[in-house]
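J.: Before we start, here is the structure in question, set down as structure tokens.
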Amino acid sequence: MRFAVPSNQAKEPDMQVTMTINGESVTKECEPRTLLVHFIRDIVGLRGTHWGCDTSNCGTCVLWVDGEPVKSCTMLAAMADGREVRTVEGLEQNGQLDPIQEGFRECHGLQCGFCTPGMMMTGRWILDNNPNPSEEEIREGISGQLCRCTGYHNIVKSIQWAAEHPAENEVKA
Amino acid sequence: MQTPAPLEEYVRATSVADAIAQLEKYGEDARLVAGGHSLIPMMRLRLARPEALIDINDLDELKSIKVEGNEIVIGAMVRHREVLDSPLLFEHYPIFRECEKVIADPVVRNRGTVGGSYCQADPSEDLSALGSALRGSVVIQNSTGTRTVPMREFHFGPYMTQVGDGEILTEVRFPIRPGAGSAYEKVERRVGDWAVTSVGTFVVVKNGVVEDCGIGLAAVGAEHFCVPAAEEFLIGKAPTEENLVQAATLAAEGCNPSSDQRGPADYKKHLAKELTLRALRRSVQSSQGA
Ligand SMILES: Cc1cc2nc3c(=O)[nH]c(=O)nc-3n(C[C@H](O)[C@H](O)[C@H](O)COP(=O)(O)OP(=O)(O)OC[C@H]3O[C@@H](n4cnc5c(N)ncnc54)[C@H](O)[C@@H]3O)c2cc1C
Ligand code: FES
Ligand code: FES
């Protein structure tokens, strides 16, 4: 059951899409109109990526396509065919949480947790491109994403915490 | 909980010629998709219901920023973030960086493209104000050849451009003006939002006189995003505060904003004057001949 498409409009899936998701090749059927966020959540079954708006404003759906954060509600699954996708589930490596995840835990970076997947995916990307960002750079980096709970302060602190505690295989700035 | 209307076909174009052939094959119900950050929101709201989508994201031939002769050439598939980060564009016109910094948000800028912005032709499109200010041009290709259209003749009206059925915008071009200063000013209700009003300008000052200038305005109903009377007033005069104020006043008078959820018309007119003045001041300051 896919709740994305109301049942009165449900139609036979009519295309096959293959993408690498968190390092694994995945092939599934969908419709040409299927949004990437629905494909990931409802067809592949990775529910870590959230869906929060119809206006491309909230950013809780952010995941990476070919190494860059993208609002997955504003891309068709078909457009991601053959591309490399990384979702929040792909942050943890070999049972080790990513520093960005540890940061959100250490600094109380979430309350309801709805915005958290998008915030963490963008946060990880900010640090990969700039291991030592200023507070302003972090705030600018997450400015396309909404949090209704934290007032952003602890999200910024969480990303700063991750910057100060890089994983062993990361280079410290 | 919205999802686009059923879509019959999705195809990936392999070249510009292939994109044109696909557009011809599927006819008027086909649309190109670039970044998709205007088209997909419109499809979700069912304001757009294309039957076939032709994806041009693989067209590497449309992805470069370069100088050709005395023009800067930006490919249609260059993303907002690449414009923002380009040292080449910044060197010639700081307005590119100032404008891109206030377009949408960093994640949207990873996807949205230059070509998509011009073809979307939203009355609030920031790059349209920039393009009109710099008096750029666009190159449009179809199966019979290419043509170059000045930015100030490109729009027929809101969301309507010279790009017809079976056509693709391949690049935008901007004349290089040595010594030009430029600036962009935008008022938005919140970070990442469309403009209440925005204004971009360039000025070339030589021997204490404005030799050339351009003023582009978005979201205020200026025809072709410009008010030539304001530019004509300033050219040939000294860039004094008094003259800049007069040019800004003329710019605002040439606008025809409407009241909407982003603000009342008279407020937008006030902004058109004030932002033009601020952008002109900074353009004059940064013009190397000043
Ligand atoms: C949350 C959000 C906030 C935004 N805020 C702003 C803002 O503040 N200022 C601003 O200026 N913009 C803003 N935008 C719009 C953004 O800049 C878009 O990326 C841009 O308008 C469209 O570019 P695109 O590549 O995504 O185009 P698409 O959505 O792919 O295409 C738009 C239209 O152009 C056509 N098209 C695309 N490329 C071509 C081509 N090469 N030749 C012919 N036709 C083509 C398509 O068929 C479609 O009709 C915002 C968008 C979002 C989602
Ligand atoms: S669900 Fe994608 S931006 Fe809100
Ligand atoms: S923690 Fe609730 S929306 Fe961010």
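Residues are named by chain letter and number: chains run A, B, ... in the order of the structure tokens, numbers start at 1 in each chain, and ligands are numbered from 1 in the order shown.
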What residues in chain B have any atom no more than 6 Å from chain A when counting only C-alpha atoms, and can you write them as a list in words?

T.: Pro4, Leu7, Tyr10, Ile40, Asp105 and Val107 of chain B

J.: Could you list the protein, DNA and RNA residues that have any atom within 7 Å of ligand 1, counting only C-alpha atoms and all ligand atoms, and write them as a JSON list (two decimals) with N, CA and C atoms, in the first residue's frame?

T.:
```json
[["chain", "number", "residue", "atom", "x", "y", "z"],
["A", 55, "THR", "N", 5.50, 22.38, -0.59],
["A", 55, "THR", "CA", 5.98, 23.62, -1.18],
["A", 55, "THR", "C", 7.50, 23.68, -1.29],
["A", 56, "SER", "N", 8.19, 22.58, -1.04],
["A", 56, "SER", "CA", 9.65, 22.54, -1.11],
["A", 56, "SER", "C", 10.32, 23.46, -0.10],
["A", 57, "ASN", "N", 9.64, 23.76, 0.99],
["A", 57, "ASN", "CA", 10.19, 24.70, 1.96],
["A", 57, "ASN", "C", 10.78, 24.08, 3.21],
["B", 31, "ARG", "N", 7.45, 18.68, -21.79],
["B", 31, "ARG", "CA", 8.21, 19.74, -21.13],
["B", 31, "ARG", "C", 9.61, 19.25, -20.87],
["B", 32, "LEU", "N", 10.56, 20.18, -20.95],
["B", 32, "LEU", "CA", 11.90, 19.85, -20.48],
["B", 32, "LEU", "C", 11.90, 19.95, -18.97],
["B", 33, "VAL", "N", 12.70, 19.12, -18.31],
["B", 33, "VAL", "CA", 12.92, 19.33, -16.88],
["B", 33, "VAL", "C", 14.42, 19.50, -16.65],
["B", 34, "ALA", "N", 14.76, 20.62, -15.99],
["B", 34, "ALA", "CA", 16.17, 20.90, -15.67],
["B", 34, "ALA", "C", 16.35, 20.59, -14.19],
["B", 35, "GLY", "N", 16.44, 21.60, -13.33],
["B", 35, "GLY", "CA", 16.53, 21.33, -11.89],
["B", 35, "GLY", "C", 15.21, 20.81, -11.33],
["B", 36, "GLY", "N", 14.13, 21.13, -12.01],
["B", 36, "GLY", "CA", 12.81, 20.69, -11.57],
["B", 36, "GLY", "C", 12.27, 21.47, -10.38],
["B", 37, "HIS", "N", 12.98, 22.51, -9.95],
["B", 37, "HIS", "CA", 12.56, 23.18, -8.72],
["B", 37, "HIS", "C", 11.51, 24.27, -8.91],
["B", 38, "SER", "N", 11.10, 24.47, -10.13],
["B", 38, "SER", "CA", 9.88, 25.25, -10.37],
["B", 38, "SER", "C", 8.83, 24.32, -10.96],
["B", 39, "LEU", "N", 9.24, 23.47, -11.88],
["B", 39, "LEU", "CA", 8.28, 22.61, -12.58],
["B", 39, "LEU", "C", 7.65, 21.56, -11.66],
["B", 40, "ILE", "N", 8.45, 20.89, -10.84],
["B", 40, "ILE", "CA", 7.87, 19.82, -10.00],
["B", 40, "ILE", "C", 6.92, 20.39, -8.94],
["B", 41, "PRO", "N", 7.27, 21.51, -8.27],
["B", 41, "PRO", "CA", 6.24, 22.10, -7.39],
["B", 41, "PRO", "C", 4.95, 22.43, -8.17],
["B", 76, "ALA", "N", 22.92, 26.63, -19.94],
["B", 76, "ALA", "CA", 21.59, 26.54, -19.33],
["B", 76, "ALA", "C", 21.56, 25.62, -18.11],
["B", 77, "MET", "N", 22.39, 24.56, -18.11],
["B", 77, "MET", "CA", 22.34, 23.60, -17.00],
["B", 77, "MET", "C", 23.29, 23.94, -15.85],
["B", 102, "VAL", "N", 20.90, 35.29, -2.40],
["B", 102, "VAL", "CA", 19.54, 35.49, -1.88],
["B", 102, "VAL", "C", 18.49, 34.77, -2.72],
["B", 103, "ILE", "N", 18.91, 33.89, -3.63],
["B", 103, "ILE", "CA", 17.94, 33.07, -4.35],
["B", 103, "ILE", "C", 17.71, 31.80, -3.55],
["B", 104, "ALA", "N", 16.48, 31.58, -3.17],
["B", 104, "ALA", "CA", 16.08, 30.36, -2.47],
["B", 104, "ALA", "C", 17.03, 30.06, -1.30],
["B", 105, "ASP", "N", 17.40, 28.80, -1.11],
["B", 105, "ASP", "CA", 18.25, 28.39, 0.00],
["B", 105, "ASP", "C", 19.33, 27.47, -0.55],
["B", 108, "VAL", "N", 18.15, 24.15, -2.33],
["B", 108, "VAL", "CA", 17.48, 24.43, -3.61],
["B", 108, "VAL", "C", 18.52, 24.87, -4.65],
["B", 109, "ARG", "N", 19.50, 25.64, -4.21],
["B", 109, "ARG", "CA", 20.52, 26.13, -5.16],
["B", 109, "ARG", "C", 21.39, 25.00, -5.71],
["B", 111, "ARG", "N", 20.20, 22.43, -7.02],
["B", 111, "ARG", "CA", 19.47, 21.82, -8.14],
["B", 111, "ARG", "C", 19.03, 22.84, -9.19],
["B", 112, "GLY", "N", 18.49, 23.97, -8.77],
["B", 112, "GLY", "CA", 17.92, 24.94, -9.71],
["B", 112, "GLY", "C", 18.98, 25.43, -10.69],
["B", 113, "THR", "N", 18.57, 25.66, -11.93],
["B", 113, "THR", "CA", 19.52, 26.03, -12.98],
["B", 113, "THR", "C", 19.25, 27.43, -13.54],
["B", 114, "VAL", "N", 20.25, 27.92, -14.23],
["B", 114, "VAL", "CA", 20.14, 29.22, -14.89],
["B", 114, "VAL", "C", 19.07, 29.15, -16.00],
["B", 115, "GLY", "N", 19.16, 28.13, -16.84],
["B", 115, "GLY", "CA", 18.19, 28.00, -17.94],
["B", 115, "GLY", "C", 16.77, 27.87, -17.42],
["B", 116, "GLY", "N", 16.60, 27.05, -16.39],
["B", 116, "GLY", "CA", 15.27, 26.86, -15.80],
["B", 116, "GLY", "C", 14.71, 28.15, -15.25],
["B", 117, "SER", "N", 15.57, 28.95, -14.64],
["B", 117, "SER", "CA", 15.11, 30.22, -14.06],
["B", 117, "SER", "C", 14.60, 31.15, -15.15],
["B", 119, "CYS", "N", 13.58, 30.35, -18.18],
["B", 119, "CYS", "CA", 12.40, 29.81, -18.87],
["B", 119, "CYS", "C", 11.17, 29.79, -17.98],
["B", 120, "GLN", "N", 11.36, 29.67, -16.68],
["B", 120, "GLN", "CA", 10.23, 29.74, -15.76],
["B", 120, "GLN", "C", 9.60, 31.13, -15.85],
["B", 124, "SER", "N", 8.90, 37.29, -10.27],
["B", 124, "SER", "CA", 9.84, 37.57, -9.17],
["B", 124, "SER", "C", 11.19, 36.90, -9.36],
["B", 125, "GLU", "N", 11.43, 36.33, -10.53],
["B", 125, "GLU", "CA", 12.68, 35.60, -10.77],
["B", 125, "GLU", "C", 13.87, 36.55, -10.62],
["B", 126, "ASP", "N", 14.75, 36.26, -9.67],
["B", 126, "ASP", "CA", 15.87, 37.17, -9.41],
["B", 126, "ASP", "C", 16.83, 37.26, -10.59],
["B", 127, "LEU", "N", 17.10, 36.12, -11.24],
["B", 127, "LEU", "CA", 18.05, 36.17, -12.36],
["B", 127, "LEU", "C", 17.50, 36.98, -13.53],
["B", 163, "VAL", "N", 10.80, 31.25, -25.84],
["B", 163, "VAL", "CA", 11.10, 29.83, -26.08],
["B", 163, "VAL", "C", 9.79, 29.13, -26.46],
["B", 167, "GLU", "N", 11.67, 23.95, -28.70],
["B", 167, "GLU", "CA", 12.87, 24.78, -28.55],
["B", 167, "GLU", "C", 13.50, 24.63, -27.16],
["B", 168, "ILE", "N", 14.80, 24.85, -27.13],
["B", 168, "ILE", "CA", 15.53, 24.77, -25.87],
["B", 168, "ILE", "C", 16.44, 25.99, -25.74],
["B", 169, "LEU", "N", 16.49, 26.55, -24.54],
["B", 169, "LEU", "CA", 17.43, 27.62, -24.25],
["B", 169, "LEU", "C", 18.76, 26.95, -23.94],
["B", 170, "THR", "N", 19.81, 27.32, -24.66],
["B", 170, "THR", "CA", 21.09, 26.63, -24.46],
["B", 170, "THR", "C", 22.06, 27.42, -23.61],
["B", 192, "GLY", "N", 15.23, 32.81, 2.10],
["B", 192, "GLY", "CA", 14.88, 31.80, 1.10],
["B", 192, "GLY", "C", 13.59, 32.07, 0.37],
["B", 193, "ASP", "N", 12.92, 33.15, 0.70],
["B", 193, "ASP", "CA", 11.63, 33.43, 0.05],
["B", 193, "ASP", "C", 11.84, 34.23, -1.23],
["B", 194, "TRP", "N", 10.80, 34.23, -2.03],
["B", 194, "TRP", "CA", 10.80, 35.07, -3.23],
["B", 194, "TRP", "C", 10.78, 36.54, -2.78],
["B", 195, "ALA", "N", 11.19, 37.42, -3.70],
["B", 195, "ALA", "CA", 11.34, 38.84, -3.36],
["B", 195, "ALA", "C", 10.00, 39.52, -3.12]]
```

J.: So that I can check the surroundings of region 129-132 of chain A, please list as JSON, numbers by chain every protein, DNA and RNA residue that reaches within 12 Å of it, counting only C-alpha atoms and ignoring chain neighbours fewer than 6 positions away.

T.: {"A": [67, 68, 69, 100, 122, 123, 138, 141, 159, 160, 161, 162, 163, 164, 165, 166, 167, 170, 171, 172, 173]}

J.: Any chance you could export the current selection's all heavy atoms as a short mmCIF file (atom, residue, chain, number, x, y, z; two decimals), in the first residue's frame?

T.:
```cif
data_model
loop_
_atom_site.label_atom_id
_atom_site.label_comp_id
_atom_site.auth_asym_id
_atom_site.auth_seq_id
_atom_site.Cartn_x
_atom_site.Cartn_y
_atom_site.Cartn_z
N GLY A 67 26.18 12.90 -4.02
CA GLY A 67 27.03 13.64 -3.08
C GLY A 67 26.56 15.03 -2.69
O GLY A 67 27.29 15.74 -2.00
N GLU A 68 25.35 15.42 -3.09
CA GLU A 68 24.87 16.75 -2.72
C GLU A 68 23.47 16.69 -2.10
O GLU A 68 22.61 15.96 -2.58
CB GLU A 68 24.74 17.63 -3.97
CG GLU A 68 26.05 18.23 -4.40
CD GLU A 68 25.88 19.13 -5.60
OE1 GLU A 68 24.77 19.23 -6.15
OE2 GLU A 68 26.89 19.72 -5.99
N PRO A 69 23.23 17.48 -1.06
CA PRO A 69 21.89 17.49 -0.47
C PRO A 69 20.85 18.01 -1.46
O PRO A 69 21.09 19.00 -2.15
CB PRO A 69 22.01 18.46 0.71
CG PRO A 69 23.44 18.72 0.90
CD PRO A 69 24.15 18.40 -0.37
N ILE A 100 27.83 13.38 13.47
CA ILE A 100 26.69 14.31 13.40
C ILE A 100 25.53 13.73 14.23
O ILE A 100 24.80 14.47 14.91
CB ILE A 100 26.28 14.58 11.94
CG1 ILE A 100 25.47 15.86 11.82
CG2 ILE A 100 25.47 13.47 11.30
CD1 ILE A 100 26.27 17.08 11.62
N THR A 122 22.12 17.59 5.87
CA THR A 122 22.74 18.85 5.47
C THR A 122 23.95 19.15 6.36
O THR A 122 24.99 19.61 5.89
CB THR A 122 21.71 19.99 5.52
OG1 THR A 122 20.62 19.64 4.67
CG2 THR A 122 22.31 21.30 5.01
N GLY A 123 23.79 18.86 7.66
CA GLY A 123 24.90 19.09 8.59
C GLY A 123 26.15 18.31 8.20
O GLY A 123 27.26 18.83 8.18
N ILE A 138 26.94 27.73 9.47
CA ILE A 138 26.02 26.63 9.77
C ILE A 138 24.57 27.11 9.60
O ILE A 138 23.75 26.46 8.95
CB ILE A 138 26.24 26.08 11.19
CG1 ILE A 138 27.63 25.44 11.29
CG2 ILE A 138 25.14 25.09 11.57
CD1 ILE A 138 28.02 25.00 12.69
N GLY A 141 23.76 27.39 6.06
CA GLY A 141 23.67 26.07 5.44
C GLY A 141 22.34 25.39 5.66
O GLY A 141 21.84 24.67 4.79
N ILE A 159 25.81 20.48 15.34
CA ILE A 159 26.71 20.43 14.18
C ILE A 159 28.11 20.89 14.60
O ILE A 159 29.12 20.32 14.19
CB ILE A 159 26.13 21.26 13.01
CG1 ILE A 159 24.78 20.65 12.56
CG2 ILE A 159 27.10 21.33 11.83
CD1 ILE A 159 24.00 21.46 11.54
N GLN A 160 28.16 21.88 15.50
CA GLN A 160 29.47 22.32 16.01
C GLN A 160 30.15 21.20 16.79
O GLN A 160 31.35 20.99 16.70
CB GLN A 160 29.30 23.56 16.91
CG GLN A 160 29.06 24.83 16.09
CD GLN A 160 28.67 26.01 16.96
OE1 GLN A 160 28.03 25.85 18.01
NE2 GLN A 160 29.05 27.21 16.54
N TRP A 161 29.33 20.47 17.57
CA TRP A 161 29.89 19.35 18.34
C TRP A 161 30.53 18.33 17.39
O TRP A 161 31.64 17.86 17.61
CB TRP A 161 28.79 18.68 19.18
CG TRP A 161 29.29 17.64 20.15
CD1 TRP A 161 29.56 17.83 21.49
CD2 TRP A 161 29.60 16.26 19.87
NE1 TRP A 161 30.02 16.66 22.04
CE2 TRP A 161 30.06 15.69 21.08
CE3 TRP A 161 29.55 15.47 18.73
CZ2 TRP A 161 30.45 14.34 21.18
CZ3 TRP A 161 29.95 14.13 18.80
CH2 TRP A 161 30.38 13.59 20.02
N ALA A 162 29.82 18.04 16.31
CA ALA A 162 30.35 17.07 15.33
C ALA A 162 31.64 17.58 14.69
O ALA A 162 32.55 16.81 14.40
CB ALA A 162 29.29 16.77 14.26
N ALA A 163 31.71 18.90 14.49
CA ALA A 163 32.93 19.48 13.90
C ALA A 163 34.11 19.27 14.86
O ALA A 163 35.23 19.02 14.44
CB ALA A 163 32.73 20.96 13.62
N GLU A 164 33.81 19.36 16.16
CA GLU A 164 34.89 19.22 17.15
C GLU A 164 35.24 17.77 17.44
O GLU A 164 36.24 17.49 18.09
CB GLU A 164 34.46 19.91 18.46
CG GLU A 164 34.48 21.43 18.35
CD GLU A 164 33.53 22.08 19.36
OE1 GLU A 164 33.08 21.39 20.30
OE2 GLU A 164 33.23 23.28 19.15
N HIS A 165 34.38 16.83 17.04
CA HIS A 165 34.62 15.41 17.31
C HIS A 165 34.56 14.60 16.03
O HIS A 165 33.67 13.75 15.86
CB HIS A 165 33.58 14.87 18.30
CG HIS A 165 33.61 15.57 19.63
ND1 HIS A 165 32.96 16.77 19.85
CD2 HIS A 165 34.21 15.25 20.79
CE1 HIS A 165 33.16 17.14 21.10
NE2 HIS A 165 33.92 16.25 21.70
N PRO A 166 35.49 14.85 15.10
CA PRO A 166 35.42 14.11 13.84
C PRO A 166 35.70 12.63 14.06
O PRO A 166 36.39 12.26 15.01
CB PRO A 166 36.52 14.74 12.98
CG PRO A 166 37.45 15.38 13.95
CD PRO A 166 36.67 15.74 15.16
N ALA A 167 35.13 11.79 13.21
CA ALA A 167 35.42 10.35 13.28
C ALA A 167 36.89 10.15 12.93
O ALA A 167 37.53 11.02 12.32
CB ALA A 167 34.53 9.60 12.29
N GLU A 170 38.03 10.84 9.46
CA GLU A 170 37.89 12.20 8.95
C GLU A 170 39.14 12.98 9.32
O GLU A 170 39.76 12.72 10.34
CB GLU A 170 36.73 12.92 9.65
CG GLU A 170 35.37 12.65 9.09
CD GLU A 170 34.32 13.38 9.91
OE1 GLU A 170 34.37 14.60 9.99
OE2 GLU A 170 33.47 12.69 10.51
N VAL A 171 39.47 13.95 8.51
CA VAL A 171 40.62 14.80 8.83
C VAL A 171 40.13 15.95 9.68
O VAL A 171 39.18 16.64 9.31
CB VAL A 171 41.24 15.35 7.54
CG1 VAL A 171 42.58 16.00 7.83
CG2 VAL A 171 41.39 14.24 6.50
N LYS A 172 40.79 16.16 10.83
CA LYS A 172 40.35 17.28 11.67
C LYS A 172 40.94 18.57 11.11
O LYS A 172 42.08 18.62 10.68
CB LYS A 172 40.81 17.06 13.11
CG LYS A 172 40.39 18.20 14.03
CD LYS A 172 39.92 17.69 15.38
CE LYS A 172 39.61 18.84 16.33
NZ LYS A 172 38.60 19.77 15.88
N ALA A 173 40.07 19.60 11.08
CA ALA A 173 40.51 20.88 10.50
C ALA A 173 41.58 21.53 11.37
O ALA A 173 41.54 21.39 12.57
CB ALA A 173 39.33 21.82 10.38
#
```

J.: Can you pull out every residue from region 34-270 of chain B that DSSP, working from the backbone, puts in strand (DSSP E or B), and format the result as a ChimeraX atom specification?

T.: /B:52-55,65-68,71-75,79,113,137-142,145-150,155-157,160-161,168-175,181-188,195-206,209-218,226,260,263

J.: Rank nothing, just name the residue among A:Gln96, A:Asn154, A:Met119, A:Gly45 nearest to ligand 2, using only C-alpha atoms and all ligand atoms.

T.: A:Met119

J.: Tell me, as a PyMOL selection string, which residues lie within 12 Å of His155 (chain B), counting only C-alpha atoms; anything in the same chain fewer than 5 positions away does not count.

T.: chain B and resi 118-123+125+128-129+131-132+137-138+149-150+160-164+222-226

J.: Using only C-alpha atoms and all ligand atoms, find each protein or nucleic acid residue lying at most 10 Å from ligand 3; present the set as an mmCIF file with N, CA, C and O atoms, in the first residue's frame.

T.:
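Final file, part_36.cif:
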```
data_model
loop_
_atom_site.group_PDB
_atom_site.id
_atom_site.type_symbol
_atom_site.label_atom_id
_atom_site.label_comp_id
_atom_site.auth_asym_id
_atom_site.auth_seq_id
_atom_site.Cartn_x
_atom_site.Cartn_y
_atom_site.Cartn_z
ATOM 1 N N GLY A 52 7.356 16.586 4.714
ATOM 2 C CA GLY A 52 6.657 17.531 5.575
ATOM 3 C C GLY A 52 5.874 18.632 4.907
ATOM 4 O O GLY A 52 5.162 19.378 5.581
ATOM 5 N N CYS A 58 10.295 22.904 3.649
ATOM 6 C CA CYS A 58 10.625 22.469 5.007
ATOM 7 C C CYS A 58 11.961 21.737 5.108
ATOM 8 O O CYS A 58 12.614 21.776 6.140
ATOM 9 N N THR A 60 12.730 18.600 5.422
ATOM 10 C CA THR A 60 12.889 17.377 6.209
ATOM 11 C C THR A 60 13.147 16.171 5.290
ATOM 12 O O THR A 60 13.582 15.117 5.740
ATOM 13 N N HIS A 108 21.258 17.701 22.536
ATOM 14 C CA HIS A 108 19.796 17.829 22.521
ATOM 15 C C HIS A 108 19.347 18.567 21.252
ATOM 16 O O HIS A 108 18.585 19.525 21.317
ATOM 17 N N GLY A 109 19.852 18.081 20.114
ATOM 18 C CA GLY A 109 19.589 18.754 18.838
ATOM 19 C C GLY A 109 18.214 18.470 18.264
ATOM 20 O O GLY A 109 17.918 18.888 17.143
ATOM 21 N N LEU A 110 17.402 17.708 18.972
ATOM 22 C CA LEU A 110 16.054 17.454 18.479
ATOM 23 C C LEU A 110 15.078 17.382 19.641
ATOM 24 O O LEU A 110 15.450 17.065 20.766
ATOM 25 N N GLN A 111 13.832 17.710 19.313
ATOM 26 C CA GLN A 111 12.766 17.498 20.291
ATOM 27 C C GLN A 111 11.789 16.478 19.707
ATOM 28 O O GLN A 111 11.845 15.315 20.030
ATOM 29 N N CYS A 112 10.935 16.899 18.759
ATOM 30 C CA CYS A 112 10.040 15.896 18.169
ATOM 31 C C CYS A 112 10.772 15.016 17.163
ATOM 32 O O CYS A 112 10.351 13.908 16.875
ATOM 33 N N GLY A 113 11.855 15.524 16.600
ATOM 34 C CA GLY A 113 12.651 14.724 15.669
ATOM 35 C C GLY A 113 12.190 14.756 14.232
ATOM 36 O O GLY A 113 12.782 14.092 13.385
ATOM 37 N N PHE A 114 11.165 15.539 13.941
ATOM 38 C CA PHE A 114 10.642 15.500 12.579
ATOM 39 C C PHE A 114 11.618 16.079 11.558
ATOM 40 O O PHE A 114 11.786 15.544 10.472
ATOM 41 N N CYS A 115 12.288 17.164 11.936
ATOM 42 C CA CYS A 115 13.194 17.821 10.981
ATOM 43 C C CYS A 115 14.567 17.153 10.948
ATOM 44 O O CYS A 115 15.400 17.474 10.101
ATOM 45 N N THR A 116 14.816 16.256 11.912
ATOM 46 C CA THR A 116 16.175 15.770 12.175
ATOM 47 C C THR A 116 16.867 15.076 10.994
ATOM 48 O O THR A 116 18.039 15.355 10.753
ATOM 49 N N PRO A 117 16.196 14.194 10.254
ATOM 50 C CA PRO A 117 16.930 13.556 9.146
ATOM 51 C C PRO A 117 17.494 14.567 8.162
ATOM 52 O O PRO A 117 18.667 14.475 7.778
ATOM 53 N N GLY A 118 16.677 15.542 7.788
ATOM 54 C CA GLY A 118 17.145 16.554 6.843
ATOM 55 C C GLY A 118 18.260 17.392 7.438
ATOM 56 O O GLY A 118 19.254 17.709 6.768
ATOM 57 N N MET A 119 18.103 17.754 8.707
ATOM 58 C CA MET A 119 19.128 18.575 9.359
ATOM 59 C C MET A 119 20.460 17.822 9.418
ATOM 60 O O MET A 119 21.526 18.401 9.204
ATOM 61 N N GLN A 145 15.680 24.808 5.751
ATOM 62 C CA GLN A 145 15.025 23.737 6.496
ATOM 63 C C GLN A 145 14.367 24.294 7.750
ATOM 64 O O GLN A 145 14.922 25.159 8.421
ATOM 65 N N LEU A 146 13.187 23.784 8.046
ATOM 66 C CA LEU A 146 12.425 24.316 9.166
ATOM 67 C C LEU A 146 12.464 23.374 10.358
ATOM 68 O O LEU A 146 12.369 22.159 10.202
ATOM 69 N N CYS A 147 12.597 23.975 11.548
ATOM 70 C CA CYS A 147 12.406 23.222 12.786
ATOM 71 C C CYS A 147 11.391 23.971 13.615
ATOM 72 O O CYS A 147 11.548 25.162 13.858
ATOM 73 N N ARG A 148 10.329 23.282 14.008
ATOM 74 C CA ARG A 148 9.278 23.945 14.783
ATOM 75 C C ARG A 148 9.521 23.841 16.284
ATOM 76 O O ARG A 148 8.762 24.388 17.078
ATOM 77 N N CYS A 149 10.542 23.077 16.705
ATOM 78 C CA CYS A 149 10.703 22.821 18.132
ATOM 79 C C CYS A 149 11.879 23.544 18.768
ATOM 80 O O CYS A 149 11.738 24.205 19.780
ATOM 81 N N THR A 150 13.060 23.390 18.200
ATOM 82 C CA THR A 150 14.278 23.734 18.948
ATOM 83 C C THR A 150 14.665 25.201 18.917
ATOM 84 O O THR A 150 15.490 25.627 19.706
ATOM 85 N N GLY A 151 14.120 25.965 17.989
ATOM 86 C CA GLY A 151 14.618 27.328 17.836
ATOM 87 C C GLY A 151 16.000 27.342 17.198
ATOM 88 O O GLY A 151 16.698 28.353 17.240
ATOM 89 N N TYR A 152 16.415 26.217 16.655
ATOM 90 C CA TYR A 152 17.660 26.052 15.883
ATOM 91 C C TYR A 152 18.940 26.074 16.720
ATOM 92 O O TYR A 152 19.978 25.576 16.290
ATOM 93 N N ASN A 154 20.093 24.542 19.355
ATOM 94 C CA ASN A 154 20.746 23.266 19.662
ATOM 95 C C ASN A 154 21.121 22.482 18.408
ATOM 96 O O ASN A 154 22.011 21.629 18.454
ATOM 97 N N ILE A 155 20.463 22.778 17.306
ATOM 98 C CA ILE A 155 20.864 22.137 16.049
ATOM 99 C C ILE A 155 22.242 22.667 15.647
ATOM 100 O O ILE A 155 23.146 21.907 15.283
#
```

J.: Could you pull out the alpha helix (DSSP H) residues of region 47-274 of chain B from DSSP and send them as number ranges by chain?

T.: B: 80-85, 87-92, 95-101, 106-109, 114-120, 126-133, 151-154, 228-234, 241-253, 265-274

J.: Using CA of Gln101 (chain A) and CA of Arg124 (chain A) as the two end points, give the distance in Å to one decimal.

T.: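 Calculated distance between CA of Gln101 (chain A) and CA of Arg124 (chain A) is 9.2 Å.
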
J.: So the first atom is CA of Thr197 (chain B) and the second is CA of Leu234 (chain B); what is the distance between them in Å, to one decimal place?

T.: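 Computing it gives 21.6 Å between the two atoms.
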
J.: If we count only C-alpha atoms, what is near Leu277 (chain B) at a cut-off of 7 Å, once residues fewer than 4 positions away on the same chain are taken out, given as a ChimeraX atom specification?

T.: /B:244-245,248,273,281

J.: Compile the contact shell of Val196 (chain B) as a PyMOL selection string: residues with an atom at most 9 Å away, counting only C-alpha atoms, same-chain residues fewer than 4 positions apart removed.

T.: chain B and resi 124+186-189+218-220+262-263+268+271

J.: For CA of Ala21 (chain B) and CA of Thr146 (chain B), determine how far apart the two atoms are, in Å to one decimal place.

T.: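 So the two atoms, CA of Ala21 (chain B) and CA of Thr146 (chain B), lie 14.6 Å apart.
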
J.: Of the candidates B:Glu51, B:Arg44, B:Arg12, B:Lys237, which shows the shortest atom-to-atom distance to ligand 2, using only C-alpha atoms and all ligand atoms?

T.: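 So, comparing all the options, the nearest one is B:Arg44.
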